[in-house]
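Below is run.cif, which holds mmCIF, C-alpha atoms.
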data_target
#
loop_
_atom_site.label_atom_id
_atom_site.label_comp_id
_atom_site.auth_asym_id
_atom_site.auth_seq_id
_atom_site.Cartn_x
_atom_site.Cartn_y
_atom_site.Cartn_z
CA MET A 139 -22.57 -1.88 -3.03
CA ARG A 140 -21.24 -5.39 -2.68
CA ALA A 141 -17.47 -4.95 -2.56
CA ILE A 142 -14.66 -7.46 -2.67
CA VAL A 143 -11.44 -6.51 -0.87
CA THR A 144 -8.39 -8.66 -1.65
CA GLY A 145 -5.74 -8.60 1.02
CA ALA A 146 -8.50 -7.79 3.49
CA ALA A 147 -6.48 -8.96 6.51
CA GLY A 148 -3.50 -6.80 5.58
CA PHE A 149 -2.50 -3.33 6.72
CA ILE A 150 -4.32 -1.17 4.17
CA GLY A 151 -6.92 -3.81 3.26
CA SER A 152 -8.23 -4.15 6.80
CA ASN A 153 -8.48 -0.39 7.23
CA LEU A 154 -10.36 -0.11 3.93
CA THR A 155 -12.65 -2.99 4.92
CA ASP A 156 -13.60 -1.19 8.14
CA ARG A 157 -14.31 2.01 6.22
CA LEU A 158 -16.51 0.31 3.60
CA LEU A 159 -18.50 -1.46 6.30
CA SER A 160 -18.97 1.78 8.25
CA ASP A 161 -20.28 3.38 5.04
CA GLY A 162 -22.97 0.71 4.81
CA HIS A 163 -21.53 -1.53 2.10
CA GLU A 164 -21.39 -5.32 2.01
CA VAL A 165 -17.83 -6.61 1.97
CA LEU A 166 -16.35 -9.97 1.03
CA GLY A 167 -12.77 -10.04 2.28
CA ILE A 168 -10.31 -12.38 0.58
CA ASP A 169 -6.92 -13.20 2.06
CA ASN A 170 -4.58 -16.19 1.98
CA PHE A 171 -3.09 -15.12 5.34
CA SER A 172 0.49 -15.43 4.14
CA THR A 173 1.06 -12.06 5.82
CA GLY A 174 -2.45 -10.96 6.77
CA ARG A 175 -3.58 -11.10 10.40
CA LEU A 176 -6.98 -12.20 11.63
CA ASP A 177 -6.81 -9.72 14.52
CA PHE A 178 -6.73 -6.86 11.98
CA LEU A 179 -10.32 -7.87 11.15
CA ALA A 180 -11.54 -7.81 14.76
CA LYS A 181 -13.99 -5.00 13.98
CA ALA A 182 -15.19 -6.51 10.70
CA ILE A 183 -15.79 -10.15 11.64
CA PRO A 184 -18.80 -9.53 13.95
CA CYS A 185 -20.47 -7.36 11.29
CA PRO A 186 -23.34 -9.10 9.47
CA SER A 187 -22.38 -7.33 6.24
CA PHE A 188 -18.92 -8.92 6.22
CA GLU A 189 -17.81 -12.29 4.88
CA LEU A 190 -14.28 -13.66 4.95
CA SER A 191 -12.79 -16.18 2.53
CA ARG A 192 -9.38 -17.73 3.12
CA THR A 193 -8.50 -18.05 -0.57
CA ASP A 194 -5.32 -17.70 -2.58
CA LEU A 195 -5.65 -15.38 -5.59
CA LEU A 196 -3.72 -17.89 -7.66
CA ASP A 197 -6.80 -20.15 -7.44
CA LEU A 198 -8.79 -18.73 -10.36
CA ASP A 199 -11.62 -21.26 -10.15
CA SER A 200 -12.35 -20.23 -6.57
CA LEU A 201 -12.25 -16.55 -7.47
CA LYS A 202 -14.83 -17.03 -10.21
CA LYS A 203 -17.23 -18.43 -7.61
CA LEU A 204 -16.52 -15.68 -5.07
CA PHE A 205 -16.92 -12.79 -7.51
CA VAL A 206 -20.50 -13.63 -8.50
CA GLY A 207 -22.78 -10.68 -7.66
CA ALA A 208 -19.98 -8.25 -6.80
CA ASP A 209 -20.21 -4.59 -7.84
CA ALA A 210 -16.57 -3.61 -7.36
CA VAL A 211 -13.20 -5.10 -6.46
CA PHE A 212 -10.66 -3.31 -4.29
CA HIS A 213 -7.48 -5.22 -5.14
CA LEU A 214 -4.93 -4.61 -2.40
CA ALA A 215 -3.37 -8.06 -2.04
CA ALA A 216 0.31 -8.01 -2.98
CA ASN A 217 3.83 -8.80 -2.00
CA ALA A 218 4.61 -5.33 -0.72
CA ASP A 219 8.20 -5.44 0.49
CA VAL A 220 10.47 -3.90 -2.15
CA ARG A 221 13.62 -4.53 -0.16
CA PHE A 222 13.62 -8.33 -0.35
CA GLY A 223 12.65 -8.69 -4.02
CA PRO A 224 16.05 -9.95 -5.23
CA GLU A 225 16.00 -12.71 -2.62
CA HIS A 226 12.80 -14.15 -4.14
CA PRO A 227 12.83 -13.07 -7.82
CA GLY A 228 9.57 -14.81 -8.76
CA ARG A 229 7.48 -13.58 -5.85
CA ASP A 230 6.63 -10.13 -7.20
CA LEU A 231 5.66 -11.55 -10.59
CA GLU A 232 3.47 -14.23 -9.01
CA GLN A 233 1.86 -12.26 -6.18
CA ASN A 234 1.52 -8.89 -7.91
CA THR A 235 1.16 -9.50 -11.65
CA LEU A 236 -0.27 -13.00 -12.03
CA CYS A 237 -2.70 -12.56 -9.13
CA THR A 238 -3.92 -9.32 -10.71
CA TRP A 239 -4.55 -11.14 -14.00
CA ASN A 240 -6.56 -13.76 -12.08
CA VAL A 241 -8.62 -11.01 -10.42
CA LEU A 242 -9.34 -9.50 -13.85
CA GLU A 243 -10.29 -12.85 -15.32
CA ALA A 244 -12.67 -13.54 -12.42
CA MET A 245 -14.19 -10.08 -12.94
CA ARG A 246 -14.64 -10.75 -16.66
CA ALA A 247 -16.25 -14.13 -16.00
CA CYS A 248 -18.69 -12.66 -13.46
CA GLY A 249 -19.44 -9.33 -15.17
CA VAL A 250 -17.82 -7.15 -12.47
CA LYS A 251 -17.02 -3.77 -14.01
CA ARG A 252 -15.18 -1.68 -11.35
CA ILE A 253 -11.73 -2.17 -9.89
CA ALA A 254 -9.56 -0.12 -7.55
CA PHE A 255 -5.91 -1.18 -7.62
CA SER A 256 -3.10 -0.45 -5.19
CA SER A 257 -0.06 0.35 -7.28
CA THR A 258 3.02 2.25 -6.10
CA GLY A 259 5.12 5.34 -6.58
CA SER A 260 7.97 2.90 -7.17
CA VAL A 261 6.81 2.59 -10.78
CA TYR A 262 8.49 5.95 -11.44
CA GLY A 263 11.88 4.45 -10.62
CA GLU A 264 14.23 7.41 -10.22
CA PRO A 265 12.35 10.15 -12.11
CA ALA A 266 13.77 13.42 -13.39
CA VAL A 267 10.73 15.53 -12.42
CA PHE A 268 9.67 16.45 -8.85
CA PRO A 269 6.99 16.45 -7.69
CA THR A 270 6.37 13.58 -10.09
CA PRO A 271 3.03 13.68 -11.99
CA GLU A 272 1.02 10.67 -13.15
CA ASP A 273 2.00 11.30 -16.78
CA ALA A 274 5.75 11.36 -16.11
CA PRO A 275 7.71 9.18 -18.54
CA PHE A 276 8.69 5.85 -17.01
CA PRO A 277 12.44 5.34 -16.64
CA ILE A 278 14.18 2.01 -16.59
CA GLN A 279 12.69 0.11 -13.67
CA THR A 280 14.89 -0.17 -10.59
CA SER A 281 12.95 -2.77 -8.56
CA LEU A 282 11.21 -6.07 -9.25
CA TYR A 283 8.30 -4.76 -7.21
CA GLY A 284 7.88 -1.67 -9.38
CA ALA A 285 8.17 -3.73 -12.56
CA SER A 286 5.48 -6.16 -11.36
CA LYS A 287 3.10 -3.32 -10.53
CA ILE A 288 3.61 -1.64 -13.93
CA ALA A 289 2.75 -4.96 -15.59
CA ALA A 290 -0.37 -5.24 -13.44
CA GLU A 291 -1.43 -1.68 -14.30
CA SER A 292 -1.04 -2.50 -17.98
CA PHE A 293 -3.24 -5.58 -17.73
CA ILE A 294 -5.90 -3.55 -15.91
CA ALA A 295 -5.92 -0.82 -18.56
CA ALA A 296 -6.06 -3.40 -21.36
CA TYR A 297 -8.98 -5.24 -19.73
CA CYS A 298 -10.84 -1.96 -19.33
CA GLY A 299 -10.44 -1.29 -23.03
CA ALA A 300 -11.34 -4.82 -24.11
CA PHE A 301 -14.19 -5.62 -21.72
CA GLY A 302 -15.76 -2.29 -20.75
CA MET A 303 -14.42 -2.20 -17.19
CA ARG A 304 -13.56 0.95 -15.22
CA SER A 305 -10.50 1.29 -13.04
CA ASN A 306 -8.89 3.59 -10.54
CA ILE A 307 -5.19 2.91 -10.14
CA PHE A 308 -3.56 4.36 -7.02
CA ARG A 309 0.18 4.95 -6.92
CA PHE A 310 0.97 5.16 -3.22
CA VAL A 311 3.88 6.64 -1.41
CA SER A 312 4.73 4.58 1.70
CA ILE A 313 1.71 4.23 3.97
CA LEU A 314 1.91 4.54 7.76
CA GLY A 315 -0.49 4.26 10.68
CA GLU A 316 -2.65 1.75 12.53
CA ARG A 317 -1.81 -1.92 11.69
CA TYR A 318 1.47 -0.95 10.01
CA SER A 319 3.73 -3.97 10.31
CA HIS A 320 6.77 -3.49 8.08
CA GLY A 321 8.98 -0.68 6.90
CA HIS A 322 11.55 1.68 8.30
CA VAL A 323 9.50 3.10 11.20
CA PHE A 324 8.73 -0.47 12.30
CA ASP A 325 12.42 -1.44 12.02
CA PHE A 326 13.69 1.66 13.84
CA TYR A 327 11.20 1.34 16.67
CA ARG A 328 12.00 -2.35 17.16
CA GLN A 329 15.73 -1.70 17.14
CA LEU A 330 15.44 1.09 19.68
CA LEU A 331 13.35 -1.07 22.00
CA GLU A 332 15.95 -3.83 21.87
CA HIS A 333 19.02 -1.56 22.20
CA PRO A 334 18.16 2.11 22.77
CA GLY A 335 21.79 3.16 22.61
CA HIS A 336 22.40 2.10 19.01
CA LEU A 337 20.51 2.38 15.72
CA ARG A 338 21.66 0.87 12.43
CA VAL A 339 20.36 2.72 9.35
CA LEU A 340 20.61 1.47 5.77
CA GLY A 341 22.12 4.10 3.46
CA ASP A 342 23.27 7.54 4.59
CA GLY A 343 19.95 8.66 6.05
CA MET A 344 19.61 11.46 3.52
CA GLN A 345 17.13 9.58 1.35
CA ARG A 346 14.10 11.84 0.85
CA LYS A 347 10.82 10.01 1.31
CA SER A 348 7.10 10.70 1.25
CA TYR A 349 4.60 9.01 3.57
CA LEU A 350 0.83 9.02 3.92
CA GLU A 351 -1.29 8.14 6.95
CA VAL A 352 -3.48 5.10 6.24
CA ARG A 353 -6.73 6.90 7.09
CA ASP A 354 -5.90 9.52 4.46
CA CYS A 355 -5.07 6.76 1.99
CA VAL A 356 -8.41 5.02 2.54
CA GLU A 357 -10.30 8.31 2.25
CA ALA A 358 -8.64 9.02 -1.10
CA ILE A 359 -9.62 5.59 -2.45
CA VAL A 360 -13.24 6.11 -1.41
CA VAL A 361 -13.38 9.63 -2.88
CA ALA A 362 -11.92 8.51 -6.22
CA MET A 363 -14.29 5.56 -6.52
CA GLU A 364 -17.23 7.86 -5.87
CA LYS A 365 -16.21 10.74 -8.14
CA SER A 366 -13.96 9.42 -10.90
CA THR A 367 -15.74 8.73 -14.21
CA ALA A 368 -12.90 7.94 -16.65
CA PRO A 369 -12.53 4.35 -17.91
CA VAL A 370 -8.96 4.27 -16.59
CA GLU A 371 -7.72 6.92 -14.16
CA VAL A 372 -4.43 6.93 -12.31
CA PHE A 373 -4.01 8.82 -9.04
CA ASN A 374 -0.86 9.56 -7.11
CA LEU A 375 -1.49 9.43 -3.36
CA GLY A 376 0.73 11.34 -0.97
CA THR A 377 1.11 14.62 0.87
CA ASN A 378 2.62 17.83 -0.49
CA GLU A 379 5.82 17.33 1.53
CA TYR A 380 8.65 14.89 2.07
CA CYS A 381 11.20 14.22 4.78
CA THR A 382 14.63 12.66 5.07
CA VAL A 383 15.16 9.36 6.84
CA ARG A 384 17.17 11.36 9.40
CA ASP A 385 14.11 13.54 10.04
CA SER A 386 12.03 10.48 10.87
CA ILE A 387 14.76 9.12 13.13
CA GLY A 388 14.75 12.40 15.04
CA TRP A 389 10.97 12.32 15.55
CA ILE A 390 11.03 8.70 16.72
CA CYS A 391 13.97 9.18 19.09
CA LYS A 392 12.45 12.30 20.62
CA HIS A 393 9.14 10.50 21.17
CA MET A 394 10.90 7.54 22.80
CA GLY A 395 13.28 9.71 24.80
CA VAL A 396 16.44 8.05 23.49
CA THR A 397 19.69 9.41 22.02
CA PRO A 398 21.31 6.45 20.24
CA GLU A 399 24.62 6.30 18.45
CA ILE A 400 23.59 6.02 14.81
CA GLU A 401 25.44 3.73 12.41
CA TYR A 402 24.87 4.51 8.72
CA THR A 403 25.78 1.76 6.26
CA GLY A 404 26.56 4.37 3.59
CA GLY A 405 25.49 5.20 0.07
CA ASN A 406 22.45 7.15 -1.10
CA ARG A 407 20.06 4.19 -0.97
CA GLY A 408 19.30 1.45 1.52
CA TRP A 409 18.88 -1.52 -0.83
CA ILE A 410 18.56 -2.50 -4.48
CA GLY A 411 15.55 -0.66 -5.86
CA ASP A 412 15.44 1.92 -3.07
CA SER A 413 14.73 5.30 -4.66
CA PRO A 414 16.71 8.10 -2.97
CA PHE A 415 13.94 10.66 -3.61
CA ILE A 416 10.17 10.08 -3.73
CA PHE A 417 7.84 13.05 -4.01
CA LEU A 418 4.61 12.77 -6.00
CA ASP A 419 2.37 15.42 -7.55
CA CYS A 420 -1.06 14.68 -6.07
CA SER A 421 -3.01 17.53 -7.65
CA ARG A 422 -5.24 15.12 -9.61
CA ILE A 423 -6.76 13.48 -6.51
CA ARG A 424 -6.92 16.86 -4.76
CA ALA A 425 -9.02 18.17 -7.64
CA LEU A 426 -11.73 15.70 -6.57
CA GLY A 427 -11.89 17.38 -3.16
CA TRP A 428 -9.54 15.12 -1.19
CA GLU A 429 -7.02 16.60 1.22
CA PRO A 430 -4.78 14.67 3.64
CA ARG A 431 -5.46 15.39 7.30
CA TYR A 432 -2.10 14.28 8.66
CA ARG A 433 1.35 15.66 7.93
CA ILE A 434 4.24 13.22 7.62
CA GLU A 435 5.57 13.85 11.13
CA GLN A 436 2.17 13.13 12.65
CA GLY A 437 1.85 9.97 10.57
CA VAL A 438 5.20 8.73 11.87
CA LEU A 439 4.25 9.50 15.48
CA ASN A 440 0.81 7.90 15.07
CA THR A 441 2.58 4.78 13.86
CA VAL A 442 5.01 4.67 16.78
CA ALA A 443 2.10 5.15 19.22
CA TYR A 444 0.26 2.24 17.58
CA LEU A 445 3.35 0.00 17.82
CA GLU A 446 3.70 0.93 21.50
CA ARG A 447 0.16 -0.31 22.09
CA ASN A 448 0.59 -3.44 19.96
CA GLN A 449 4.06 -4.79 20.66
CA ALA A 450 3.03 -8.34 19.77
CA LEU A 451 3.45 -7.24 16.14
CA LEU A 452 7.17 -6.76 16.70
CA GLY A 453 7.74 -10.49 16.96
CA ALA A 454 5.78 -11.37 13.82
CA ARG A 455 6.96 -9.14 11.04
CA ALA A 456 4.62 -9.18 8.04
#
Is it possible to express this structure as structure tokens?
Amino acid sequence: MRAIVTGAAGFIGSNLTDRLLSDGHEVLGIDNFSTGRLDFLAKAIPCPSFELSRTDLLDLDSLKKLFVGADAVFHLAANADVRFGPEHPGRDLEQNTLCTWNVLEAMRACGVKRIAFSSTGSVYGEPAVFPTPEDAPFPIQTSLYGASKIAAESFIAAYCGAFGMRSNIFRFVSILGERYSHGHVFDFYRQLLEHPGHLRVLGDGMQRKSYLEVRDCVEAIVVAMEKSTAPVEVFNLGTNEYCTVRDSIGWICKHMGVTPEIEYTGGNRGWIGDSPFIFLDCSRIRALGWEPRYRIEQGVLNTVAYLERNQALLGARA
């Protein structure tokens, strides 16, 4: 298979690129390096089956040239930080929705029929049903990020119907692990390195969250692309558990050997669009034979261990 991975120099994209190459596929990685890191592709770059293009997905003419001869697109490029959406209201629309439309147009022009898309559990907003299944009714959207991903999902489904494409849409919980470079574990670890006696936490720390180790995430994507046959199929990706923010703080502090005074800013959410409870029903992907190998606690600790080995990331937040 000749695969295109957008966002190939990012956290999940680089891990997926390594997996596809190890499985014997040819990979063209596309990244504009606005947040991607060349060092995340250290394993891929020497591989003769890998090509890298520094291209912005807003450049449709370039995409149409790059997509010639591709068998599948793994579209992971996105603005992925929910928290700062209101500070840049157009960024989610541009980087998540419009870039997805450009990817679809390039696919249509070049006859590429398969796409895997990284969506988000944030599309469920604040649902009434837990664990939340893929067919849960969508509430009013609570984040610009979630709204942009729902729009992108809709374009993908419509293109599949109009042009005979097939898609797997993955609604992730938060992903942790090697090459993780933003999010609460990153922020807590950096704070505790700088001042181990004090930790500032957004919200009341009782927010209930789900997390998935990046290797489990990549495995689920590969399994679904191999086994799914529906024209459009949506998969929740997560574990069958959740934790509170306070749980994760406890694991991190114990690992680091610190006992900080914790300052909570208050309220049941950390920022606009922060859902106080995320817990997805992942029985659909499990029915294909996928099972996560890592529990949430181990994913958190794996992430802290990675940050300990790669502290240069702490000064260049992606």
In Å to one decimal, how far is CA of Gly315 in chain A from CA of Val267 in chain A? 28.0 Å
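The nearest approach to Leu330 in chain A among the residues A:Ser413, A:Thr155, A:Thr397, A:Ser281, with only C-alpha atoms taken into account, belongs to A:Thr397.
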Give as an mmCIF file with C-alpha atoms, in the coordinates of the input each residue that has an atom at most 12 Å from (15.6, 5.6, 24.8) in the file, counting all atoms listed in the file.
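The resulting part36.cif:
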data_model
loop_
_atom_site.group_PDB
_atom_site.id
_atom_site.type_symbol
_atom_site.label_atom_id
_atom_site.label_comp_id
_atom_site.auth_asym_id
_atom_site.auth_seq_id
_atom_site.Cartn_x
_atom_site.Cartn_y
_atom_site.Cartn_z
ATOM 1 C CA PHE A 326 13.690 1.660 13.840
ATOM 2 C CA TYR A 327 11.200 1.340 16.670
ATOM 3 C CA ARG A 328 12.000 -2.350 17.160
ATOM 4 C CA GLN A 329 15.730 -1.700 17.140
ATOM 5 C CA LEU A 330 15.440 1.090 19.680
ATOM 6 C CA LEU A 331 13.350 -1.070 22.000
ATOM 7 C CA GLU A 332 15.950 -3.830 21.870
ATOM 8 C CA HIS A 333 19.020 -1.560 22.200
ATOM 9 C CA PRO A 334 18.160 2.110 22.770
ATOM 10 C CA GLY A 335 21.790 3.160 22.610
ATOM 11 C CA HIS A 336 22.400 2.100 19.010
ATOM 12 C CA LEU A 337 20.510 2.380 15.720
ATOM 13 C CA GLY A 388 14.750 12.400 15.040
ATOM 14 C CA ILE A 390 11.030 8.700 16.720
ATOM 15 C CA CYS A 391 13.970 9.180 19.090
ATOM 16 C CA LYS A 392 12.450 12.300 20.620
ATOM 17 C CA HIS A 393 9.140 10.500 21.170
ATOM 18 C CA MET A 394 10.900 7.540 22.800
ATOM 19 C CA GLY A 395 13.280 9.710 24.800
ATOM 20 C CA VAL A 396 16.440 8.050 23.490
ATOM 21 C CA THR A 397 19.690 9.410 22.020
ATOM 22 C CA PRO A 398 21.310 6.450 20.240
ATOM 23 C CA GLU A 399 24.620 6.300 18.450
#
Which residues, named as in the file, does the PyMOL selection byres ((chain A and resi 243-253) around 8) pick out? Answer as a ChimeraX atom specification. /A:198,201-202,205-213,239-242,254-255,301-306
Residues from the last selection, C-alpha atoms, saved as a PDB file, in the coordinates of the input:
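The resulting result.pdb:
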ATOM      1  CA  LEU A 198      -8.790 -18.730 -10.360  1.00  0.00           C
ATOM      2  CA  LEU A 201     -12.250 -16.550  -7.470  1.00  0.00           C
ATOM      3  CA  LYS A 202     -14.830 -17.030 -10.210  1.00  0.00           C
ATOM      4  CA  PHE A 205     -16.920 -12.790  -7.510  1.00  0.00           C
ATOM      5  CA  VAL A 206     -20.500 -13.630  -8.500  1.00  0.00           C
ATOM      6  CA  GLY A 207     -22.780 -10.680  -7.660  1.00  0.00           C
ATOM      7  CA  ALA A 208     -19.980  -8.250  -6.800  1.00  0.00           C
ATOM      8  CA  ASP A 209     -20.210  -4.590  -7.840  1.00  0.00           C
ATOM      9  CA  ALA A 210     -16.570  -3.610  -7.360  1.00  0.00           C
ATOM     10  CA  VAL A 211     -13.200  -5.100  -6.460  1.00  0.00           C
ATOM     11  CA  PHE A 212     -10.660  -3.310  -4.290  1.00  0.00           C
ATOM     12  CA  HIS A 213      -7.480  -5.220  -5.140  1.00  0.00           C
ATOM     13  CA  TRP A 239      -4.550 -11.140 -14.000  1.00  0.00           C
ATOM     14  CA  ASN A 240      -6.560 -13.760 -12.080  1.00  0.00           C
ATOM     15  CA  VAL A 241      -8.620 -11.010 -10.420  1.00  0.00           C
ATOM     16  CA  LEU A 242      -9.340  -9.500 -13.850  1.00  0.00           C
ATOM     17  CA  ALA A 254      -9.560  -0.120  -7.550  1.00  0.00           C
ATOM     18  CA  PHE A 255      -5.910  -1.180  -7.620  1.00  0.00           C
ATOM     19  CA  PHE A 301     -14.190  -5.620 -21.720  1.00  0.00           C
ATOM     20  CA  GLY A 302     -15.760  -2.290 -20.750  1.00  0.00           C
ATOM     21  CA  MET A 303     -14.420  -2.200 -17.190  1.00  0.00           C
ATOM     22  CA  ARG A 304     -13.560   0.950 -15.220  1.00  0.00           C
ATOM     23  CA  SER A 305     -10.500   1.290 -13.040  1.00  0.00           C
ATOM     24  CA  ASN A 306      -8.890   3.590 -10.540  1.00  0.00           C
TER      25      ASN A 306
END
I need the output of the PyMOL selection byres ((chain A and resi 421-433) around 10) for this file as a ChimeraX atom specification; which residues are they? /A:271-272,308,349-355,357-362,364-366,371-380,418-420,434-438,440
Quick one: apply the PyMOL selection byres ((chain A and resi 453) around 12) to the file and drop the selected residues here as a list in words. Ser319, His320, Phe324, Asp325, Arg328, Gln329, Glu332, Leu445, Asn448, Gln449, Ala450, Leu451, Leu452, Ala454, Arg455 and Ala456 of chain A
Could you write out the selected residues, including C-alpha atoms, as a PDB file, in the coordinates of the input?
ATOM      1  CA  SER A 319       3.730  -3.970  10.310  1.00  0.00           C
ATOM      2  CA  HIS A 320       6.770  -3.490   8.080  1.00  0.00           C
ATOM      3  CA  PHE A 324       8.730  -0.470  12.300  1.00  0.00           C
ATOM      4  CA  ASP A 325      12.420  -1.440  12.020  1.00  0.00           C
ATOM      5  CA  ARG A 328      12.000  -2.350  17.160  1.00  0.00           C
ATOM      6  CA  GLN A 329      15.730  -1.700  17.140  1.00  0.00           C
ATOM      7  CA  GLU A 332      15.950  -3.830  21.870  1.00  0.00           C
ATOM      8  CA  LEU A 445       3.350   0.000  17.820  1.00  0.00           C
ATOM      9  CA  ASN A 448       0.590  -3.440  19.960  1.00  0.00           C
ATOM     10  CA  GLN A 449       4.060  -4.790  20.660  1.00  0.00           C
ATOM     11  CA  ALA A 450       3.030  -8.340  19.770  1.00  0.00           C
ATOM     12  CA  LEU A 451       3.450  -7.240  16.140  1.00  0.00           C
ATOM     13  CA  LEU A 452       7.170  -6.760  16.700  1.00  0.00           C
ATOM     14  CA  ALA A 454       5.780 -11.370  13.820  1.00  0.00           C
ATOM     15  CA  ARG A 455       6.960  -9.140  11.040  1.00  0.00           C
ATOM     16  CA  ALA A 456       4.620  -9.180   8.040  1.00  0.00           C
TER      17      ALA A 456
END
Work out how far apart CA of Val339 in chain A and CA of Lys287 in chain A are and give it in Å to one decimal. 27.0 Å
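Atom pair CA of His163 in chain A / CA of Met363 in chain A has a distance of 13.3 Å (rounded to one decimal).
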Go through A:Ile387, A:Ile294, A:Ala182, A:Ala368 and flag the residue nearest Arg338 in chain A, using only C-alpha atoms for the distances. A:Ile387
Determine the axis-aligned bounding box of all atoms of range 241-256 of chain A present in the file, pad each side by 3 Å, and express its centre and edge lengths in Å to one decimal place as AutoDock Vina command-line options.
--center_x -11.3 --center_y -7.1 --center_z -10.9 --size_x 22.3 --size_y 20.0 --size_z 17.5
Which residue out of A:Ala141, A:Ala147, A:Ala300, A:Ile288 has the minimum interatomic distance to Ser172 in chain A when only C-alpha atoms are used? A:Ala147
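Between Arg229 in chain A and the candidates A:Ala295, A:Val311, A:Ala285, A:Leu176, the tightest atom-to-atom separation, counting only C-alpha atoms, involves A:Ala285.
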I'd like to know which of A:Arg317, A:Phe171, A:Pro269, A:Leu159 is closest to Ile183 in chain A, using all atoms listed in the file. A:Leu159
